[in-house]
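Visitor: Dropping a structure here in structure tokens format, bear with me for questions.
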There are 2 protein chains.
Amino acid sequence: MSQTTRAQPGDSTTLAQPGASGGFADDRPLRDALDRALDAIRDRSHFSAFPESPSPRVYGEEAAPAGLAAFGTWQGTDFPLRTAPGASGAVATERSPFGIGLDIRYPRVATTGLDDLLATAQAGIPQWRDAGPDTRVDVALEILAALHKRVFELANAVMATTGQAFVMAFQAGGTHALDRALEAVAYAYAEMTRHPATALWERPGRGEPVRIEKTFTVVPRGVAVVIGCTTFPTWNSYPGLFASLVTGNPVVVKPHPGAVLPLAITVQVCQEVLAARGFDPALVTLAAEADGDGITRDLATHPAVRIVDFTGSAEFGDWLESHATQAQVYTEKSGVNPVVIDSTHAFRGLVGNLAFTLALYSGQMCTTSQVIFVPADGIDTDEGHKSFREVGAGLAAAVDKLLSDEGRAVELLGAIVNDAVLNRVEGSTALGGEVVLESRAVRHPVHADAVVRTPAILALDADDVAVFGRECFGPVTFLVRTRDTDEALALVRRLGHERGAMTAAVYSTSERVLAAAREVALDVGVALSENLTDGVYVNQSAAFSDFHGTGANPAANASFVDAAYVAGRFRIIQSRRHAPE
Amino acid sequence: MSQTTRAQPGDSTTLAQPGASGGFADDRPLRDALDRALDAIRDRSHFSAFPESPSPRVYGEEAAPAGLAAFGTWQGTDFPLRTAPGASGAVATERSPFGIGLDIRYPRVATTGLDDLLATAQAGIPQWRDAGPDTRVDVALEILAALHKRVFELANAVMATTGQAFVMAFQAGGTHALDRALEAVAYAYAEMTRHPATALWERPGRGEPVRIEKTFTVVPRGVAVVIGCTTFPTWNSYPGLFASLVTGNPVVVKPHPGAVLPLAITVQVCQEVLAARGFDPALVTLAAEADGDGITRDLATHPAVRIVDFTGSAEFGDWLESHATQAQVYTEKSGVNPVVIDSTHAFRGLVGNLAFTLALYSGQMCTTSQVIFVPADGIDTDEGHKSFREVGAGLAAAVDKLLSDEGRAVELLGAIVNDAVLNRVEGSTALGGEVVLESRAVRHPVHADAVVRTPAILALDADDVAVFGRECFGPVTFLVRTRDTDEALALVRRLGHERGAMTAAVYSTSERVLAAAREVALDVGVALSENLTDGVYVNQSAAFSDFHGTGANPAANASFVDAAYVAGRFRIIQSRRHAPE
């Protein structure tokens, strides 16, 4: 990588701005984006390679309708892949939360097909390994560019399968997912190239020095499996997929039956680029199954599988960690995400920020706050002292205001992804406590079949830890009355160790309290947002700067993306011989 | 770390030369050694921070007798540690292969003491974590310097417990172990500091940019356990011990009952330096047990234990990998190390090199070659064609010549570490095949009770894979007749995948054969030595340049030392807040 082509600090941020030139959209050299990514993961400054605004000013007038049309061509068809080893028959498992017709049939992989699938995947290893880190990274960057060209199609696929509103699907399912992928590629590139490919070793001695020529080759671990989830099929799968692929491993993508299309498109693009570059397209394959086929356990524990990336339930993630011991297992599971409110200089900002967090995608994010601790005596604010009840009322009002316009509300809330979430929100009033804000159904102006729900907020006491201390995925938030902030922090510590957390937040005007919250966050091992009031939300994490998950508590055993996430995906094999005279 | 204090390339090698000034011995700033280590792990050039020659010209006339005297003070005593949490009573388990009197009593940790031990170890975490990477690395460097000051004492302890001859014990057990420790510290330092501790993140927008101040803190995983082995108690334990310690984890050192003293001295030094710097000495503790106490399984699977480093049998290493799933497990086990002889330009160099490898420490190294494949039709050499029998005879003659002087022989062979190895060599003739070289007993001129044996070489056929295809730890080598080199490489591939290997070697004058051997080595995932004839031996690996173990085959799941070895020992916890206006 040439130093001379590296951008100056500060340049990089222009790439992602609406209307700005640059980025993959303009075919700026792919390597330049990688260089900027390498800078960003080092200095943790702002960077984005894929413009996040779907505006016609950025992508042109034709991009959105063309993407929608491309998505439409898959509806009711057999989805074409270049190769589908191990597959027999077809399966159509998706049901859109928006009621968008899908009925797309994918090649079905049953347990009986796994040996064939994995043997075919393995066959491509030597050529892919021998291509070396630079070529593999080039191919990965080409795949990202090709996926970016189909980003509107991808956004429609993510929207239709997950229930995310369009702009969110475009960003979280499209450009931000691509940024996370590029981040993983950059980390992997940095790790693979930290040693030279060859080195001369000279040991001085009494006579002639001993001179040894050494060669260091990156080799893959073996076949990698990426297990997708139903809510963020691309964002959560891309880091593992691309980290494994560029380090030389074939990748089997096992989508959630509810969200196959975004990953099927991804696999299709991977296979096309691989084939165009002369590599075995079976280096990236799809393993779609019918609900109930249950291939995942057999796949993840197959001796040929050496890496597993998983996003999903704590229960299955824990099972993988303790059973797929032949593989390196990376999990993103779930936890109980806390917010501690102690005091604030900006009450309106506080409730506004939290309201957005609770509303976005109806709280169906692993990063959504679930428990908000408030002292029983209330809090000091810039608007004077507010009682526990007033804090709740303020938060409820902020949510109501944010979602008062139904047309705007659905663009934040999206749709409820499945009946399990719906049942949870409908059953929330039976959990006890006091209803601070009732969940209400919202009519979707376009998709009449969509189930759209606003967040529910329930007030509980600190003693009700059996209720609020379990993950309640979806738009149900618990406002918990504590004796004081110390008790709140003690509960954060306890739940963090027992249940884990993907995010945590604190609001306080006291540096002493903030320091105490940081100490708890370090002990629990959870990322902390302090006094966020505007522009950034606790449930958001930015590629190249924010680490998503920490691997330090039960909610996840890995982080997007750090060195530990990539370094174990390959090995270095050396050879040595006497250097020529 | 200041760039300006970094040494120029080439300087570094002077540190390790006998008689040269510099190195830790001269109190050159410790950070300078770290800087040089950081350069070396990047460019893989020659480096050593701890002079490997025990010569008085390097260490002075007093060092050797003082070290022996210091070792002598422990014989027959209760070994003093500053703190021994969880211990009750004492245990003396060591029996010297040289017959050197030990009878040293160590605090005994039984299964009932583990909760106490681990709770005490955990208590030191916050202070040690908050000290930060630079301070922790400084403390680790001080520990290494303090251990280096006691290197002659350490060498005597390693010699007495393992059966290594003195110079080998000084190097492998002393200076090379310290180099491997420094290597681990350097890798950990590089990984911990690849991100800034704080960063400003600015996202441009239509109005004012969003400005977020981010803090990134390295936090440990939890308590680390290092399980030592009987043959290389320090060399194999130091990388894990120091990698875990500098990344913030308390370390429990669980020595092999046969080789406690070298690690007890190590723990003593760690506790002294920690206490002198104001840290909890219980951050490094010893867990000595009686043979049969069997605390290791309970210790390694304890929920508080989050890292396990193990060196030892394949059986127990595999057990740890599949059972200690609550922890990150790093194993160095064992395999079947092959040599493929196809042809050579330097027959004398070939047999001389292999003879040294087989003789050193009576082959009681995980890197010693076990199977030497030779074509049935013999090989072309610079001395003309040699039949299979002539190759065997040449190798046997080289071993005989190397060990012809008994006084010199024992300084290479050391002593047989235990009865299991002795039984193996005595039972080798019953394995079948033809005796190429008989093992003979050698009288030790100083230690009359020492059991010293020369290597045995047995000729077998490729069909006898059930015999030569299992690890036979100790001085037994199999010379295996293959149809041709292709069959040899196929056997290397098969055994590599099935049994694993720590080392592999090939001798050939054909670049085509060398390329084929490299391909097999990459596929198996084993380090390859090509045509080594002088100065470097297949069983040796040099810190900062050679990777020891690869993690890519069943012989080990980790490597000394690569990024994967250190990156998973800590986590990064971020906090973020709006930046001040």
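Labeling convention for the structure tokens: chains A, B, ... as they appear, residues from 1 per chain, ligands from 1 in order of appearance.
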Could you list, as number ranges by chain, every residue of chain B that has an atom within 7 Å of an atom of chain A, counting only C-alpha atoms?

Guide: B: 42-46, 194-196, 199-203, 210, 219, 221, 321-322, 325, 522, 525-532, 535, 550-552, 563-564, 567-568, 571-578

Visitor: Can you pull out the residues contacting B:Ala314? Cut-off 8 Å, using only C-alpha atoms, and skip same-chain residues under 5 positions away; I want them as a PyMOL selection string.

Guide: chain B and resi 333-335+555

Visitor: Could you work out how far atom CA of B:Val371 lies from atom CA of B:Val435, giving the answer in Å with one decimal?

Guide: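 According to the coordinates, atom CA of B:Val435 and atom CA of B:Val371 are separated by 14.3 Å.
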
Visitor: Which polymer residues have any atom within 9 Å of an atom of A:Ala70, counting only C-alpha atoms, with same-chain residues fewer than 5 positions away left out, as a list in words?

Guide: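 These residues fall inside the cut-off: Pro65, Arg150, Phe152 and Glu153 of chain A.
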
Visitor: Go ahead and dump the residues you just picked, C-alpha atoms, as a tab-separated table (two decimals), in the first residue's frame.

Guide:
```tsv
chain	number	residue	atom	x	y	z
A	65	PRO	CA	-36.65	3.13	-8.86
A	150	ARG	CA	-27.00	-2.80	-5.81
A	152	PHE	CA	-31.12	0.17	-3.35
A	153	GLU	CA	-32.05	-3.39	-4.26
```

Visitor: Given only C-alpha atoms as the basis, pick out the residue of B:Ala264, B:Leu68, B:Leu402, B:Ile379 nearest to B:Phe166.

Guide: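 Ranking B:Ala264, B:Leu68, B:Leu402, B:Ile379 by distance to B:Phe166, first place goes to B:Leu68.
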
Visitor: At most 8 Å is the cut-off: for each residue in stretch 162-270 of chain B with any atom that close to an atom of stretch 344-367 of chain B, write down the nearest atom pair and the distance in Å rounded to one decimal, counting only C-alpha atoms, chain first then increasing number, as a tab-separated table.

Guide:
```
residue	atom	partner	partner_atom	distance
B:Gly163	CA	B:Tyr361	CA	7.9
B:Gln164	CA	B:Tyr361	CA	6.0
B:Ala165	CA	B:Tyr361	CA	7.4
B:Thr231	CA	B:Gln364	CA	7.4
```

Visitor: Determine which residues of stretch 29-118 of chain A receive a DSSP assignment of helix (DSSP H, G or I), computed from the backbone, and state them as a ChimeraX atom specification.

Guide: /A:30-43,56-59,63-74,111-118

Visitor: Enumerate the residues of stretch 463-520 of chain B with a DSSP assignment of strand (DSSP E), computed from the backbone, and present them as a list in words.

Guide: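 In stretch 463-520 of chain B, DSSP puts these residues in strand (DSSP E): Val476, Thr477, Phe478, Leu479, Val480, Arg481, Thr482, Ala504, Ala505, Val506 and Tyr507 of chain B.
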
Visitor: May I have the residues within 12 Å of B:Leu491 as an MDAnalysis selection string, using only C-alpha atoms and disregarding those fewer than 4 positions away in the same chain?

Guide: chainID B and resid 336:340 371:374 461:466 468:469 480:487 495:500 517 520:521 524

Visitor: Take the residues just selected and output them with N, CA and C atoms as a compact mmCIF listing (two decimals), in the first residue's frame.

Guide:
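Printed below is part.txt as written:
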```
# COMPACT_ATOMS: atom_id res chain seq x y z
N VAL B 336 3.60 -35.50 15.57
CA VAL B 336 4.58 -36.40 14.99
C VAL B 336 5.37 -35.57 13.97
N ASN B 337 6.60 -35.23 14.34
CA ASN B 337 7.38 -34.30 13.51
C ASN B 337 8.15 -35.04 12.43
N PRO B 338 7.90 -34.71 11.17
CA PRO B 338 8.51 -35.45 10.07
C PRO B 338 9.72 -34.74 9.43
N VAL B 339 10.60 -35.56 8.87
CA VAL B 339 11.67 -35.08 8.00
C VAL B 339 11.58 -35.88 6.71
N VAL B 340 11.61 -35.19 5.58
CA VAL B 340 11.61 -35.86 4.28
C VAL B 340 12.97 -35.66 3.64
N VAL B 371 10.10 -38.81 12.75
CA VAL B 371 10.04 -39.72 11.61
C VAL B 371 10.87 -39.13 10.47
N ILE B 372 11.79 -39.92 9.95
CA ILE B 372 12.63 -39.48 8.83
C ILE B 372 12.32 -40.38 7.64
N PHE B 373 11.74 -39.79 6.62
CA PHE B 373 11.35 -40.56 5.44
C PHE B 373 12.49 -40.55 4.41
N VAL B 374 12.83 -41.74 3.94
CA VAL B 374 13.89 -41.87 2.93
C VAL B 374 13.38 -42.83 1.84
N ASP B 461 9.03 -49.69 7.61
CA ASP B 461 8.44 -49.49 6.28
C ASP B 461 7.27 -48.52 6.36
N ALA B 462 6.93 -47.97 5.22
CA ALA B 462 5.82 -47.03 5.18
C ALA B 462 4.53 -47.66 5.71
N ASP B 463 4.42 -48.97 5.57
CA ASP B 463 3.23 -49.66 6.07
C ASP B 463 3.13 -49.63 7.60
N ASP B 464 4.24 -49.41 8.27
CA ASP B 464 4.25 -49.46 9.74
C ASP B 464 3.75 -48.16 10.36
N VAL B 465 2.83 -47.53 9.69
CA VAL B 465 2.39 -46.21 10.15
C VAL B 465 1.75 -46.25 11.53
N ALA B 466 1.23 -47.43 11.90
CA ALA B 466 0.66 -47.54 13.25
C ALA B 466 1.74 -47.37 14.31
N PHE B 468 5.09 -45.67 13.67
CA PHE B 468 5.76 -44.37 13.61
C PHE B 468 4.78 -43.20 13.57
N GLY B 469 3.50 -43.50 13.39
CA GLY B 469 2.51 -42.44 13.27
C GLY B 469 1.92 -41.98 14.58
N VAL B 480 12.00 -44.20 7.98
CA VAL B 480 10.93 -44.91 7.28
C VAL B 480 11.20 -44.95 5.78
N ARG B 481 11.16 -46.17 5.27
CA ARG B 481 11.41 -46.46 3.86
C ARG B 481 10.12 -46.21 3.07
N THR B 482 10.18 -45.27 2.15
CA THR B 482 9.00 -45.01 1.31
C THR B 482 9.33 -45.38 -0.14
N ARG B 483 8.27 -45.57 -0.90
CA ARG B 483 8.44 -45.88 -2.32
C ARG B 483 9.24 -44.75 -2.97
N ASP B 484 8.84 -43.53 -2.68
CA ASP B 484 9.50 -42.37 -3.26
C ASP B 484 9.14 -41.14 -2.41
N THR B 485 9.60 -40.00 -2.85
CA THR B 485 9.35 -38.78 -2.07
C THR B 485 7.88 -38.40 -2.09
N ASP B 486 7.19 -38.70 -3.18
CA ASP B 486 5.76 -38.41 -3.21
C ASP B 486 5.02 -39.15 -2.11
N GLU B 487 5.38 -40.41 -1.91
CA GLU B 487 4.73 -41.16 -0.83
C GLU B 487 5.07 -40.55 0.52
N LEU B 495 -0.35 -37.60 8.28
CA LEU B 495 -0.06 -37.54 9.72
C LEU B 495 -0.20 -36.13 10.26
N GLY B 496 0.12 -35.16 9.44
CA GLY B 496 -0.04 -33.77 9.88
C GLY B 496 -1.48 -33.45 10.20
N HIS B 497 -2.37 -33.88 9.33
CA HIS B 497 -3.79 -33.63 9.59
C HIS B 497 -4.30 -34.45 10.77
N GLU B 498 -3.84 -35.71 10.86
CA GLU B 498 -4.39 -36.59 11.89
C GLU B 498 -3.76 -36.35 13.26
N ARG B 499 -2.45 -36.20 13.28
CA ARG B 499 -1.72 -36.15 14.56
C ARG B 499 -1.13 -34.78 14.85
N GLY B 500 -0.95 -33.99 13.82
CA GLY B 500 -0.32 -32.69 14.00
C GLY B 500 1.19 -32.79 14.05
N ALA B 517 6.94 -29.73 -1.03
CA ALA B 517 6.99 -29.84 0.43
C ALA B 517 6.35 -28.59 1.07
N VAL B 520 2.65 -28.94 0.95
CA VAL B 520 2.17 -29.84 2.01
C VAL B 520 2.21 -29.13 3.36
N ALA B 521 3.29 -28.39 3.60
CA ALA B 521 3.42 -27.70 4.89
C ALA B 521 2.31 -26.66 5.07
N VAL B 524 -0.93 -28.69 5.72
CA VAL B 524 -0.94 -29.24 7.08
C VAL B 524 -0.95 -28.11 8.10
```

Visitor: Tell me which protein, DNA and RNA residues are within 6 Å of B:Leu458, counting only C-alpha atoms, leaving out same-chain ones fewer than 2 positions away, and put them as a ChimeraX atom specification.

Guide: /B:434-436,478-479

Visitor: Find the spatial neighbours of A:Leu261, counting only C-alpha atoms, within a cut-off of 8 Å - ignore same-chain residues fewer than 3 positions away - and output them as a PDB file with C-alpha atoms, in the first residue's frame.

Guide:
```
ATOM      1  CA  ILE A 104     -38.758 -16.449  -3.311  1.00  0.00           C
ATOM      2  CA  ALA A 157     -34.676  -6.669   0.377  1.00  0.00           C
ATOM      3  CA  VAL A 158     -33.729  -5.733   3.948  1.00  0.00           C
ATOM      4  CA  THR A 161     -37.688  -9.114   5.180  1.00  0.00           C
ATOM      5  CA  ALA A 264     -28.792 -14.414  -1.113  1.00  0.00           C
ATOM      6  CA  ILE A 265     -28.081 -11.220  -3.057  1.00  0.00           C
TER       7      ILE A 265
END
```

Visitor: Can you measure atom CA of B:Asp78 to atom CA of B:Thr93 for me? One decimal in Å is fine.

Guide: 12.5 Å

Visitor: May I have a table of the residues of stretch 248-289 of chain B lying at most 12 Å from stretch 301-304 of chain B, giving each one's closest pair of atoms and their distance in Å to one decimal, counting only C-alpha atoms, ordered by chain and ascending residue number, as a tab-separated table?

Guide:
```
residue	atom	partner	partner_atom	distance
B:Asn249	CA	B:Ala304	CA	11.4
B:Pro250	CA	B:Ala304	CA	10.9
B:Val251	CA	B:Ala304	CA	11.7
B:Val252	CA	B:Ala304	CA	11.5
```

Visitor: What's the 8 Å shell around A:Thr77, counting only C-alpha atoms, without same-chain residues fewer than 4 positions away, as number ranges by chain?

Guide: A: 73, 103-105

Visitor: Take the residues just selected and output them with all heavy atoms as a short mmCIF file (atom, residue, chain, number, x, y, z; two decimals), in the first residue's frame.

Guide:
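The resulting again-v8.cif:
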```cif
data_model
loop_
_atom_site.label_atom_id
_atom_site.label_comp_id
_atom_site.auth_asym_id
_atom_site.auth_seq_id
_atom_site.Cartn_x
_atom_site.Cartn_y
_atom_site.Cartn_z
N THR A 73 -37.87 -8.13 -9.33
CA THR A 73 -37.65 -9.27 -10.23
C THR A 73 -37.49 -10.58 -9.48
O THR A 73 -37.65 -11.65 -10.06
CB THR A 73 -36.40 -9.07 -11.11
OG1 THR A 73 -35.24 -8.99 -10.26
CG2 THR A 73 -36.52 -7.80 -11.95
N ASP A 103 -42.23 -14.89 -1.50
CA ASP A 103 -42.35 -16.20 -2.15
C ASP A 103 -41.15 -16.48 -3.06
O ASP A 103 -41.30 -16.90 -4.21
CB ASP A 103 -43.67 -16.28 -2.95
CG ASP A 103 -43.92 -17.71 -3.43
OD1 ASP A 103 -43.46 -18.66 -2.75
OD2 ASP A 103 -44.54 -17.86 -4.51
N ILE A 104 -39.98 -16.20 -2.55
CA ILE A 104 -38.76 -16.45 -3.31
C ILE A 104 -38.19 -17.79 -2.88
O ILE A 104 -38.09 -18.08 -1.68
CB ILE A 104 -37.72 -15.33 -3.08
CG1 ILE A 104 -38.36 -13.97 -3.35
CG2 ILE A 104 -36.48 -15.54 -3.95
CD1 ILE A 104 -37.52 -12.79 -2.88
N ARG A 105 -37.87 -18.61 -3.87
CA ARG A 105 -37.38 -19.96 -3.58
C ARG A 105 -35.85 -20.02 -3.69
O ARG A 105 -35.28 -19.56 -4.69
CB ARG A 105 -38.05 -20.97 -4.52
CG ARG A 105 -39.56 -21.06 -4.31
CD ARG A 105 -40.26 -21.94 -5.31
NE ARG A 105 -40.22 -21.40 -6.67
CZ ARG A 105 -41.03 -20.44 -7.11
NH1 ARG A 105 -41.95 -19.89 -6.31
NH2 ARG A 105 -40.94 -20.00 -8.36
#
```

Visitor: What gap, in Å, lies between atom CA of B:Val421 and atom CA of B:Ile295?

Guide: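 These atoms are spaced 24.4 Å apart.
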
Visitor: Looking at A:Ala155, A:Val109, A:Leu34, A:Asp134, which one is nearest to A:Ala63, with distances taken over only C-alpha atoms?

Guide: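 Checking each of A:Ala155, A:Val109, A:Leu34, A:Asp134 against A:Ala63, counting only C-alpha atoms, the winner is A:Ala155.
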